[in-house]
$ cat protein.tsv   # TSV, C-alpha atoms and all ligand atoms
chain	number	residue	atom	x	y	z
A	1	MET	CA	6.13	-2.46	-24.32
A	2	ILE	CA	6.03	-4.55	-21.15
A	3	PRO	CA	4.26	-2.26	-18.66
A	4	LEU	CA	5.11	-1.83	-14.99
A	5	ALA	CA	1.59	-2.88	-14.04
A	6	SER	CA	-1.48	-3.80	-16.04
A	7	PRO	CA	-4.92	-3.19	-14.59
A	8	LEU	CA	-6.31	-4.02	-18.05
A	9	ALA	CA	-4.76	-7.51	-17.97
A	10	GLN	CA	-6.22	-7.94	-14.49
A	11	TYR	CA	-9.67	-6.88	-15.72
A	12	ARG	CA	-9.47	-9.32	-18.63
A	13	ALA	CA	-8.40	-12.15	-16.32
A	14	HIS	CA	-11.51	-11.55	-14.17
A	15	GLY	CA	-13.74	-10.06	-16.89
A	16	GLU	CA	-16.70	-12.40	-16.70
A	17	ALA	CA	-16.94	-12.31	-12.90
A	18	ILE	CA	-16.59	-8.51	-12.91
A	19	ARG	CA	-19.33	-8.00	-15.50
A	20	HIS	CA	-21.56	-10.39	-13.58
A	21	ALA	CA	-20.93	-8.49	-10.32
A	22	ILE	CA	-21.76	-5.15	-11.94
A	23	HIS	CA	-24.95	-6.54	-13.44
A	24	ARG	CA	-26.02	-7.93	-10.06
A	25	VAL	CA	-25.69	-4.48	-8.47
A	26	LEU	CA	-27.57	-2.82	-11.33
A	27	GLU	CA	-30.50	-5.21	-10.88
A	28	SER	CA	-30.42	-4.96	-7.06
A	29	GLY	CA	-31.73	-1.40	-7.01
A	30	THR	CA	-29.36	-0.53	-4.13
A	31	TYR	CA	-26.67	1.86	-5.26
A	32	ILE	CA	-25.31	3.13	-1.94
A	33	LEU	CA	-23.95	0.71	0.74
A	34	GLY	CA	-26.34	-2.23	1.31
A	35	ARG	CA	-25.79	-5.96	1.04
A	36	GLU	CA	-22.93	-6.00	-1.47
A	37	VAL	CA	-20.87	-3.64	0.67
A	38	GLU	CA	-21.69	-5.53	3.89
A	39	GLN	CA	-20.79	-8.87	2.33
A	40	PHE	CA	-17.47	-7.60	1.05
A	41	GLU	CA	-16.65	-6.01	4.42
A	42	ARG	CA	-17.40	-9.34	6.15
A	43	ALA	CA	-15.28	-11.30	3.65
A	44	PHE	CA	-12.38	-8.85	3.92
A	45	ALA	CA	-12.45	-8.87	7.74
A	46	ASP	CA	-12.39	-12.69	7.69
A	47	TYR	CA	-9.53	-12.66	5.19
A	48	CYS	CA	-7.47	-10.31	7.39
A	49	GLY	CA	-8.41	-12.12	10.59
A	50	THR	CA	-9.90	-8.99	12.17
A	51	ALA	CA	-13.31	-8.68	13.78
A	52	HIS	CA	-14.31	-5.59	11.81
A	53	ALA	CA	-13.80	-4.05	8.38
A	54	VAL	CA	-15.31	-0.71	7.37
A	55	SER	CA	-15.13	0.31	3.73
A	56	VAL	CA	-14.55	3.87	2.57
A	57	ALA	CA	-14.00	5.68	-0.74
A	58	SER	CA	-10.18	5.37	-0.97
A	59	GLY	CA	-7.03	4.30	0.81
A	60	THR	CA	-6.31	7.92	1.67
A	61	ASP	CA	-9.73	8.24	3.32
A	62	ALA	CA	-9.12	4.98	5.20
A	63	LEU	CA	-6.09	6.66	6.80
A	64	VAL	CA	-7.82	10.02	7.37
A	65	LEU	CA	-10.96	8.56	8.96
A	66	GLY	CA	-8.91	5.98	10.83
A	67	LEU	CA	-6.73	8.68	12.37
A	68	LYS	CA	-9.82	10.72	13.28
A	69	ALA	CA	-11.51	7.69	14.84
A	70	LEU	CA	-8.41	7.24	17.01
A	71	GLY	CA	-8.90	10.80	18.25
A	72	ILE	CA	-5.95	12.23	16.35
A	73	GLY	CA	-6.24	15.78	15.01
A	74	PRO	CA	-4.93	19.34	15.31
A	75	GLY	CA	-2.01	19.76	17.70
A	76	ASP	CA	-1.06	16.06	17.52
A	77	GLU	CA	2.10	14.72	15.91
A	78	VAL	CA	2.10	11.51	13.89
A	79	ILE	CA	5.33	9.69	13.07
A	80	THR	CA	5.80	8.05	9.68
A	81	VAL	CA	8.35	7.78	6.87
A	82	SER	CA	9.23	10.19	4.08
A	83	HIS	CA	9.90	7.24	1.78
A	84	THR	CA	6.28	6.36	0.96
A	85	ALA	CA	3.43	7.24	-1.38
A	86	ILE	CA	2.62	10.89	-0.71
A	87	ALA	CA	-0.92	9.79	0.26
A	88	THR	CA	0.38	8.57	3.63
A	89	VAL	CA	1.54	12.08	4.53
A	90	ALA	CA	-1.42	13.78	2.83
A	91	ALA	CA	-3.76	11.76	5.06
A	92	ILE	CA	-2.02	12.83	8.27
A	93	LEU	CA	-2.30	16.48	7.18
A	94	ALA	CA	-5.95	16.02	6.12
A	95	ALA	CA	-6.72	14.71	9.61
A	96	GLY	CA	-5.31	18.04	10.88
A	97	ALA	CA	-2.24	16.50	12.52
A	98	ASP	CA	1.46	17.23	12.00
A	99	PRO	CA	3.61	14.61	10.23
A	100	VAL	CA	7.04	13.89	11.71
A	101	LEU	CA	9.18	11.91	9.28
A	102	VAL	CA	11.81	9.36	10.28
A	103	ASP	CA	14.29	7.37	8.22
A	104	VAL	CA	13.92	3.88	6.75
A	105	GLU	CA	16.10	0.81	7.17
A	106	PRO	CA	18.23	0.83	4.00
A	107	ASP	CA	17.89	-2.92	3.43
A	108	TYR	CA	14.10	-3.14	3.73
A	109	PHE	CA	12.90	0.37	2.80
A	110	THR	CA	10.53	0.35	5.81
A	111	ILE	CA	10.52	2.46	8.98
A	112	ASP	CA	13.64	2.32	11.16
A	113	ALA	CA	12.10	1.53	14.54
A	114	GLY	CA	15.33	2.59	16.23
A	115	ALA	CA	14.86	6.14	14.92
A	116	ILE	CA	11.37	6.64	16.35
A	117	GLU	CA	12.23	7.44	19.96
A	118	GLY	CA	14.50	10.31	18.92
A	119	ALA	CA	11.51	11.90	17.14
A	120	LEU	CA	9.06	11.82	20.07
A	121	THR	CA	7.73	15.00	21.71
A	122	GLY	CA	4.94	15.63	24.19
A	123	GLN	CA	2.59	15.97	21.20
A	124	THR	CA	3.33	12.58	19.60
A	125	LYS	CA	0.14	10.50	19.41
A	126	ALA	CA	0.65	7.82	16.79
A	127	ILE	CA	2.92	5.94	14.39
A	128	VAL	CA	1.90	5.08	10.83
A	129	ALA	CA	3.90	2.00	9.77
A	130	VAL	CA	3.92	1.61	5.97
A	131	HIS	CA	4.31	-1.92	4.58
A	132	LEU	CA	6.07	-0.51	1.54
A	133	TYR	CA	6.17	-2.36	-1.80
A	134	GLY	CA	4.30	-5.28	-0.16
A	135	GLN	CA	6.83	-6.09	2.57
A	136	PRO	CA	5.65	-5.93	6.19
A	137	THR	CA	7.47	-3.53	8.49
A	138	ASP	CA	9.33	-4.87	11.55
A	139	MET	CA	6.11	-4.73	13.56
A	140	GLU	CA	7.48	-6.21	16.77
A	141	ALA	CA	10.03	-3.40	17.08
A	142	VAL	CA	7.54	-0.69	16.09
A	143	ALA	CA	4.80	-2.02	18.39
A	144	ALA	CA	7.28	-2.12	21.30
A	145	VAL	CA	8.02	1.60	20.85
A	146	ALA	CA	4.30	2.38	20.52
A	147	SER	CA	3.37	0.54	23.70
A	148	ARG	CA	6.31	1.95	25.68
A	149	HIS	CA	5.09	5.47	24.93
A	150	GLY	CA	1.31	4.96	24.78
A	151	LEU	CA	1.11	5.70	21.05
A	152	ARG	CA	-1.54	4.50	18.62
A	153	LEU	CA	-0.27	2.21	15.87
A	154	ILE	CA	-1.69	2.46	12.35
A	155	GLU	CA	-0.69	0.09	9.58
A	156	ASP	CA	-0.67	1.56	6.07
A	157	CYS	CA	-1.41	-1.68	4.18
A	158	ALA	CA	-2.21	-0.01	0.85
A	159	GLN	CA	0.59	-1.94	-0.88
A	160	ALA	CA	0.40	-5.11	1.19
A	161	ALA	CA	-3.05	-6.74	0.98
A	162	GLY	CA	-2.53	-10.37	1.97
A	163	ALA	CA	1.05	-10.00	3.25
A	164	ARG	CA	1.91	-11.77	6.49
A	165	TYR	CA	4.11	-10.85	9.42
A	166	ARG	CA	5.05	-13.92	11.50
A	167	GLY	CA	2.11	-15.79	10.04
A	168	ASN	CA	-0.48	-13.06	10.66
A	169	ARG	CA	-2.02	-10.97	7.91
A	170	VAL	CA	-1.07	-7.33	8.02
A	171	GLY	CA	-3.80	-4.94	9.14
A	172	GLY	CA	-4.72	-6.78	12.34
A	173	ILE	CA	-1.47	-6.12	14.19
A	174	GLY	CA	-1.84	-2.41	15.00
A	175	ASP	CA	-4.90	-0.54	16.29
A	176	ILE	CA	-6.14	-0.21	12.71
A	177	GLY	CA	-5.03	-1.34	9.25
A	178	CYS	CA	-5.77	0.82	6.18
A	179	PHE	CA	-6.08	-0.59	2.67
A	180	SER	CA	-6.41	0.89	-0.82
A	181	PHE	CA	-8.18	-0.73	-3.76
A	182	TYR	CA	-6.63	1.60	-6.35
A	183	PRO	CA	-6.68	-0.40	-9.61
A	184	THR	CA	-2.99	-1.38	-9.60
A	185	LYS	CA	-2.91	-2.43	-5.92
A	186	ASN	CA	-2.74	-6.15	-5.15
A	187	LEU	CA	-6.52	-6.19	-4.71
A	188	GLY	CA	-7.65	-3.57	-7.22
A	189	ALA	CA	-11.07	-2.12	-8.02
A	190	ILE	CA	-12.26	-0.65	-11.32
A	191	GLY	CA	-11.89	2.76	-9.69
A	192	ASP	CA	-11.26	3.97	-6.15
A	193	GLY	CA	-11.90	2.18	-2.87
A	194	GLY	CA	-10.49	1.69	0.60
A	195	MET	CA	-10.97	-0.21	3.86
A	196	VAL	CA	-10.13	0.08	7.55
A	197	VAL	CA	-9.81	-3.14	9.53
A	198	THR	CA	-9.71	-3.30	13.33
A	199	LYS	CA	-10.29	-5.61	16.27
A	200	ASP	CA	-12.04	-2.76	18.12
A	201	ALA	CA	-15.82	-2.45	17.76
A	202	GLY	CA	-15.76	1.13	19.07
A	203	ILE	CA	-13.28	2.30	16.45
A	204	ALA	CA	-15.22	0.49	13.71
A	205	GLY	CA	-18.42	2.22	14.82
A	206	ASP	CA	-16.73	5.62	14.81
A	207	ILE	CA	-15.50	5.10	11.24
A	208	ARG	CA	-19.00	4.00	10.15
A	209	ARG	CA	-20.33	7.32	11.48
A	210	LEU	CA	-17.48	9.42	10.09
A	211	ARG	CA	-17.89	8.00	6.57
A	212	GLN	CA	-21.52	9.15	6.45
A	213	TYR	CA	-21.89	12.73	7.71
A	214	GLY	CA	-21.60	11.61	11.33
A	215	TRP	CA	-24.82	9.60	11.13
A	216	GLY	CA	-25.48	7.14	13.92
A	217	GLU	CA	-28.68	5.33	14.94
A	218	GLY	CA	-31.77	6.78	13.29
A	219	ARG	CA	-29.61	9.09	11.18
A	220	GLU	CA	-28.90	11.32	14.14
A	221	THR	CA	-25.39	12.66	14.36
A	222	ALA	CA	-23.03	12.44	17.31
A	223	GLY	CA	-20.47	14.67	15.58
A	224	ILE	CA	-19.57	15.81	12.11
A	225	GLY	CA	-18.46	13.49	9.33
A	226	VAL	CA	-17.82	13.37	5.60
A	227	ASN	CA	-19.15	11.39	2.65
A	228	SER	CA	-16.68	8.58	1.99
A	229	ARG	CA	-18.44	5.35	1.07
A	230	LEU	CA	-17.33	2.38	-1.01
A	231	ASP	CA	-19.51	2.10	-4.10
A	232	PRO	CA	-21.53	-1.16	-4.12
A	233	ILE	CA	-20.39	-1.81	-7.70
A	234	GLN	CA	-16.78	-1.68	-6.51
A	235	ALA	CA	-17.65	-3.81	-3.46
A	236	ALA	CA	-19.22	-6.49	-5.69
A	237	ILE	CA	-16.20	-6.44	-8.03
A	238	LEU	CA	-13.74	-6.62	-5.13
A	239	GLY	CA	-15.73	-9.42	-3.52
A	240	SER	CA	-15.51	-11.40	-6.74
A	241	LYS	CA	-11.72	-10.90	-6.89
A	242	LEU	CA	-10.85	-11.48	-3.22
A	243	PRO	CA	-10.81	-15.30	-3.53
A	244	SER	CA	-8.00	-14.95	-6.14
A	245	LEU	CA	-5.83	-12.61	-4.07
A	246	ASP	CA	-3.59	-15.28	-2.54
A	247	GLN	CA	-3.04	-16.88	-5.92
A	248	ASP	CA	-2.27	-13.49	-7.49
A	249	ASN	CA	0.18	-12.69	-4.69
A	250	ALA	CA	1.85	-16.08	-5.13
A	251	ARG	CA	2.29	-15.30	-8.82
A	252	ARG	CA	3.87	-11.94	-7.96
A	253	ALA	CA	6.26	-13.73	-5.57
A	254	ALA	CA	7.17	-16.27	-8.27
A	255	ILE	CA	8.06	-13.47	-10.70
A	256	ALA	CA	10.13	-11.78	-7.97
A	257	ALA	CA	11.98	-15.06	-7.31
A	258	ARG	CA	12.71	-15.38	-11.04
A	259	TYR	CA	14.13	-11.84	-11.10
A	260	ASP	CA	16.12	-12.36	-7.88
A	261	ALA	CA	17.75	-15.53	-9.23
A	262	ALA	CA	18.71	-13.91	-12.53
A	263	PHE	CA	19.95	-10.62	-11.09
A	264	ARG	CA	22.11	-12.23	-8.41
A	265	GLU	CA	25.13	-12.21	-10.77
A	266	MET	CA	24.61	-8.57	-11.78
A	267	PRO	CA	25.48	-5.24	-10.13
A	268	LEU	CA	21.76	-4.58	-9.57
A	269	VAL	CA	20.87	-4.62	-5.86
A	270	THR	CA	17.82	-6.87	-5.43
A	271	PRO	CA	15.21	-6.45	-2.65
A	272	GLN	CA	16.02	-7.84	0.79
A	273	VAL	CA	13.23	-9.77	2.48
A	274	ARG	CA	12.86	-10.26	6.24
A	275	PRO	CA	12.95	-13.93	7.21
A	276	ASP	CA	9.69	-13.70	9.19
A	277	VAL	CA	7.41	-12.16	6.55
A	278	GLU	CA	5.48	-13.03	3.44
A	279	HIS	CA	6.19	-10.23	0.96
A	280	VAL	CA	3.42	-9.69	-1.64
A	281	TYR	CA	5.46	-7.65	-4.15
A	282	HIS	CA	3.12	-4.83	-4.98
A	283	LEU	CA	6.30	-3.50	-6.58
A	284	TYR	CA	9.67	-5.05	-7.41
A	285	VAL	CA	12.16	-2.36	-6.49
A	286	ALA	CA	15.89	-2.77	-7.05
A	287	ALA	CA	18.70	-0.25	-6.67
A	288	CYS	CA	21.35	0.75	-9.18
A	289	ASP	CA	24.01	3.46	-9.44
A	290	ASP	CA	23.41	4.62	-13.01
A	291	ARG	CA	19.64	4.71	-12.97
A	292	ASP	CA	18.89	7.12	-15.80
A	293	ARG	CA	21.01	5.21	-18.31
A	294	PHE	CA	19.59	1.91	-17.03
A	295	ARG	CA	16.00	3.10	-17.49
A	296	GLU	CA	16.66	4.53	-20.93
A	297	PHE	CA	18.31	1.28	-22.06
A	298	LEU	CA	15.35	-0.80	-20.84
A	299	ARG	CA	12.86	1.57	-22.43
A	300	LYS	CA	14.53	1.11	-25.80
A	301	ARG	CA	14.28	-2.65	-25.30
A	302	GLY	CA	10.54	-2.35	-24.67
A	303	VAL	CA	10.57	-2.60	-20.87
A	304	GLU	CA	8.83	0.07	-18.82
A	305	THR	CA	10.39	1.00	-15.48
A	306	GLY	CA	9.32	3.39	-12.73
A	307	ILE	CA	10.56	5.13	-9.61
A	308	HIS	CA	8.65	4.73	-6.37
A	309	TYR	CA	9.18	7.42	-5.36
A	310	PRO	CA	11.33	10.00	-7.15
A	311	LYS	CA	10.96	12.55	-4.36
A	312	PRO	CA	10.46	11.65	-0.71
A	313	ALA	CA	7.67	13.58	1.03
A	314	HIS	CA	10.03	16.09	2.67
A	315	TRP	CA	11.16	17.23	-0.81
A	316	GLN	CA	7.65	17.64	-2.22
A	317	LYS	CA	6.21	21.07	-2.91
A	318	GLY	CA	3.36	22.00	-0.63
A	319	TYR	CA	4.36	19.27	1.83
A	320	ALA	CA	7.96	20.18	2.68
A	321	GLU	CA	6.93	23.24	4.69
A	322	ARG	CA	4.24	21.34	6.61
A	323	ILE	CA	6.31	18.44	7.89
A	324	ARG	CA	9.03	18.06	10.49
A	325	VAL	CA	12.07	15.89	9.82
A	326	ALA	CA	13.15	13.81	12.82
A	327	PRO	CA	16.45	14.84	14.49
A	328	GLY	CA	18.32	11.81	13.11
A	329	GLY	CA	17.75	13.04	9.55
A	330	LEU	CA	16.75	11.07	6.49
A	331	GLY	CA	20.09	9.89	5.14
A	332	ALA	CA	18.98	6.44	3.99
A	333	THR	CA	15.80	7.86	2.44
A	334	GLU	CA	17.74	10.44	0.47
A	335	ARG	CA	20.35	7.94	-0.73
A	336	LEU	CA	17.60	5.56	-1.92
A	337	ALA	CA	15.76	8.31	-3.78
A	338	GLY	CA	18.56	8.53	-6.34
A	339	ARG	CA	19.01	4.76	-6.86
A	340	ILE	CA	15.69	2.92	-6.72
A	341	VAL	CA	14.05	1.57	-9.85
A	342	SER	CA	10.84	-0.46	-10.21
A	343	LEU	CA	10.59	-3.30	-12.73
A	344	PRO	CA	7.39	-4.77	-14.23
A	345	ILE	CA	5.47	-7.05	-11.86
A	346	TYR	CA	1.81	-8.05	-11.92
A	347	PRO	CA	0.04	-11.41	-11.74
A	348	GLU	CA	-0.68	-11.64	-15.49
A	349	LEU	CA	2.96	-11.01	-16.49
A	350	THR	CA	4.04	-14.24	-18.22
A	351	ASP	CA	7.29	-16.12	-17.64
A	352	ALA	CA	8.28	-15.22	-21.21
A	353	GLU	CA	7.76	-11.53	-20.49
A	354	ALA	CA	9.68	-11.77	-17.22
A	355	ASP	CA	12.49	-13.39	-19.20
A	356	GLU	CA	12.41	-10.46	-21.64
A	357	VAL	CA	12.87	-8.10	-18.71
A	358	ILE	CA	15.77	-10.22	-17.47
A	359	ALA	CA	17.34	-10.33	-20.93
A	360	ALA	CA	17.15	-6.53	-21.18
A	361	VAL	CA	18.85	-6.11	-17.80
A	362	ARG	CA	21.50	-8.67	-18.74
A	363	ALA	CA	22.15	-6.86	-22.04
A	364	TYR	CA	22.53	-3.58	-20.16
A	365	TYR	CA	25.24	-4.95	-17.89
A	366	ALA	CA	26.93	-6.81	-20.76
A	367	ALA	CA	27.16	-3.59	-22.81
B	401	LIG	C1	-1.99	3.83	-2.76
B	401	LIG	C2	-1.50	4.24	-1.43
B	401	LIG	C3	-2.26	5.03	-0.54
B	401	LIG	C4	-3.53	5.72	-0.93
B	401	LIG	O1	-4.49	4.98	-1.52
B	401	LIG	P1	-5.60	5.67	-2.48
B	401	LIG	O2	-6.62	4.58	-2.59
B	401	LIG	O3	-4.91	5.97	-3.77
B	401	LIG	O4	-6.11	6.86	-1.79
B	401	LIG	C5	-1.78	5.24	0.74
B	401	LIG	N1	-0.60	4.74	1.14
B	401	LIG	C6	0.19	4.01	0.31
B	401	LIG	C7	1.49	3.48	0.83
B	401	LIG	C8	-0.22	3.75	-1.00
B	401	LIG	O5	0.57	3.04	-1.81
$ encode --input "protein.tsv" --output "structure tokens"
Amino acid sequence: MIPLASPLAQYRAHGEAIRHAIHRVLESGTYILGREVEQFERAFADYCGTAHAVSVASGTDALVLGLKALGIGPGDEVITVSHTAIATVAAILAAGADPVLVDVEPDYFTIDAGAIEGALTGQTKAIVAVHLYGQPTDMEAVAAVASRHGLRLIEDCAQAAGARYRGNRVGGIGDIGCFSFYPTKNLGAIGDGGMVVTKDAGIAGDIRRLRQYGWGEGRETAGIGVNSRLDPIQAAILGSKLPSLDQDNARRAAIAARYDAAFREMPLVTPQVRPDVEHVYHLYVAACDDRDRFREFLRKRGVETGIHYPKPAHWQKGYAERIRVAPGGLGATERLAGRIVSLPIYPELTDAEADEVIAAVRAYYAA
């Protein structure tokens, strides 16, 4: 079976460096924060082109603590999309705020900036722009709305480590950028991890306090916090993999280009890419009308497929009753939910395997 993603293949590709990194931490005697975490934070900030990077325990926590550091909490509304990983919406709720969900642009699957103003109320405090599947959102349009209305702008970069918008890495465009190091993400740990990047020293300092009980200088607190630290073993592993991220992303883009070229002649709708971005293809998501039959056919041919995501947030149990849908509705989101399908893409996928995927899709449409 050709899997959708393969964290095992990624581990094997970096095995020696990963084992070396783990061993270094074991022998260092420092098992919470310390040098390994600081070095990785510095390297990641430099990579993103931001002054500061503060690591936390997961991508979800990056969003939760980031929102809190921006002063967002109970009584505040935060605008984002329903077409995203549920973690985006879970984080807004965990920060105590109320998610307001707007539609996506049907061609790019990212937030429709034109729908944001219709969703604003006196309580709106922020926008979370999700760079879904690895493609940067139309940040100029979203930032214009944010600045016109004095809103904070958060980039959910969990699926887009290394992507560029008009030449700049994502994460440094808004007030904060939040990353996940979940094993299948473009920069994946051997477990959980997350990061907040920002140009603002004050915000960075607030997140450093929030991630450790509220501790400031001399372990005195200035307010309450949680325990959400990046493990030094994960930091050392991630630091050893960061230099390969651009190469891994280029490999993902090459596979996507191979798929695009082959599928052009078929009824499958391939991803649209904005002319001013560098898409890093966390996922390769196409759209088709007869998805269940398509997936079953590919499964029988040994090709795993997925759906990201089968149910938008406003249809999810436990969430539906806690969110507000923007007045314009979620027509594009709901139409996509029934048609999207994800095909295998990861840096270690070989050309021969990509060709097997293509052959299976071709056979489906020939049948
Ligand atoms: C993975 C992901 C998250 C959450 O990251 P975790 O590290 O799993 O907590 C948030 N937003 C998006 C868009 C994601 O894909």
$ atom_distance --input "protein.tsv" --atom1 "atom CA of Val361 of chain A" --atom2 "atom CA of Pro106 of chain A"
22.9 Å
$ residues_near_ligand --input "protein.tsv" --ligand "ligand LIG 401 (chain B)" --cutoff "8 Å" --atoms "all atoms listed in the file" --output "list in words"
Ala57, Ser58, Gly59, Thr60, Asp61, Ala62, Leu63, Thr84, Ala85, Ile86, Ala87, Thr88, Val130, His131, Leu132, Tyr133, Asp156, Cys157, Ala158, Gln159, Phe179, Ser180, Phe181, Tyr182, Lys185, Asp192, Gly193 and Gly194 of chain A
$ residues_around --input "protein.tsv" --residues "segment 346-355 of chain A" --least-positions-apart "4" --cutoff "10 Å" --atoms "only C-alpha atoms" --output "PyMOL selection string"
chain A and resi 1-10+12-13+184-186+245+247-256+258-259+262+281-284+303+359-361
$ residues_around --input "protein.tsv" --residues "Leu242 of chain A" --least-positions-apart "2" --cutoff "9 Å" --atoms "only C-alpha atoms" --output "compact mmCIF listing (two decimals) with C-alpha atoms, in the frame of the given file"
# COMPACT_ATOMS: atom_id res chain seq x y z
CA PHE A 40 -17.47 -7.60 1.05
CA ALA A 43 -15.28 -11.30 3.65
CA PHE A 44 -12.38 -8.85 3.92
CA TYR A 47 -9.53 -12.66 5.19
CA LEU A 187 -6.52 -6.19 -4.71
CA ILE A 237 -16.20 -6.44 -8.03
CA LEU A 238 -13.74 -6.62 -5.13
CA GLY A 239 -15.73 -9.42 -3.52
CA SER A 240 -15.51 -11.40 -6.74
CA SER A 244 -8.00 -14.95 -6.14
CA LEU A 245 -5.83 -12.61 -4.07
CA ASP A 246 -3.59 -15.28 -2.54
$ residues_around --input "protein.tsv" --residues "Gln234 of chain A" --least-positions-apart "4" --cutoff "7 Å" --atoms "only C-alpha atoms" --output "PyMOL selection string"
chain A and resi 189-190+230+238
$ write_last_selection --input "protein.tsv" --atoms "C-alpha atoms" --output "PDB file, in the coordinates of the input"
ATOM      1  CA  ALA A 189     -11.070  -2.120  -8.020  1.00  0.00           C
ATOM      2  CA  ILE A 190     -12.260  -0.650 -11.320  1.00  0.00           C
ATOM      3  CA  LEU A 230     -17.330   2.380  -1.010  1.00  0.00           C
ATOM      4  CA  LEU A 238     -13.740  -6.620  -5.130  1.00  0.00           C
TER       5      LEU A 238
END
$ closest_atom_pairs --input "protein.tsv" --of "segment 76-189 of chain A" --to "segment 332-341 of chain A" --cutoff "8 Å" --atoms "only C-alpha atoms" --output "tab-separated table"
residue	atom	partner	partner_atom	distance
A:Ser82	CA	A:Thr333	CA	7.2
A:His83	CA	A:Thr333	CA	6.0
A:Asp103	CA	A:Thr333	CA	6.0
A:Val104	CA	A:Thr333	CA	6.2
A:Glu105	CA	A:Ala332	CA	7.1
A:Pro106	CA	A:Ala332	CA	5.7
$ atom_distance --input "protein.tsv" --atom1 "atom CA of Gly318 of chain A" --atom2 "atom CA of Cys288 of chain A"
29.1 Å
$ residues_near_point --input "protein.tsv" --point "(-1.2, -10.3, 10.1)" --cutoff "12 Å" --atoms "all atoms listed in the file" --output "MDAnalysis selection string"
chainID A and resid 45:50 131 135:140 155 157 160:174 176:177 197:199 276:279
$ closest_residue --input "protein.tsv" --among "A:Leu120, A:Val226, A:Val100, A:Ala94" --to "Val325 of chain A" --atoms "all atoms listed in the file"
A:Val100
$ atom_distance --input "protein.tsv" --atom1 "atom CA of Ile111 of chain A" --atom2 "atom CA of Leu153 of chain A"
12.8 Å
$ closest_residue --input "protein.tsv" --among "A:Ala53, A:Ile116, A:Ala366, A:Leu330" --to "Val196 of chain A" --atoms "only C-alpha atoms"
A:Ala53
$ closest_atom_pairs --input "protein.tsv" --of "segment 66-174 of chain A" --to "segment 210-221 of chain A" --cutoff "10 Å" --atoms "all atoms listed in the file" --output "CSV"
residue,atom,partner,partner_atom,distance
A:Gly66,CA,A:Leu210,CA,9.3
A:Lys68,CA,A:Leu210,CA,8.4
A:Ala69,CA,A:Leu210,CA,7.8
$ write_last_selection --input "protein.tsv" --atoms "C-alpha atoms" --output "JSON list (two decimals), in the frame of the given file"
[["chain", "number", "residue", "atom", "x", "y", "z"],
["A", 66, "GLY", "CA", -8.91, 5.98, 10.83],
["A", 68, "LYS", "CA", -9.82, 10.72, 13.28],
["A", 69, "ALA", "CA", -11.51, 7.69, 14.84]]
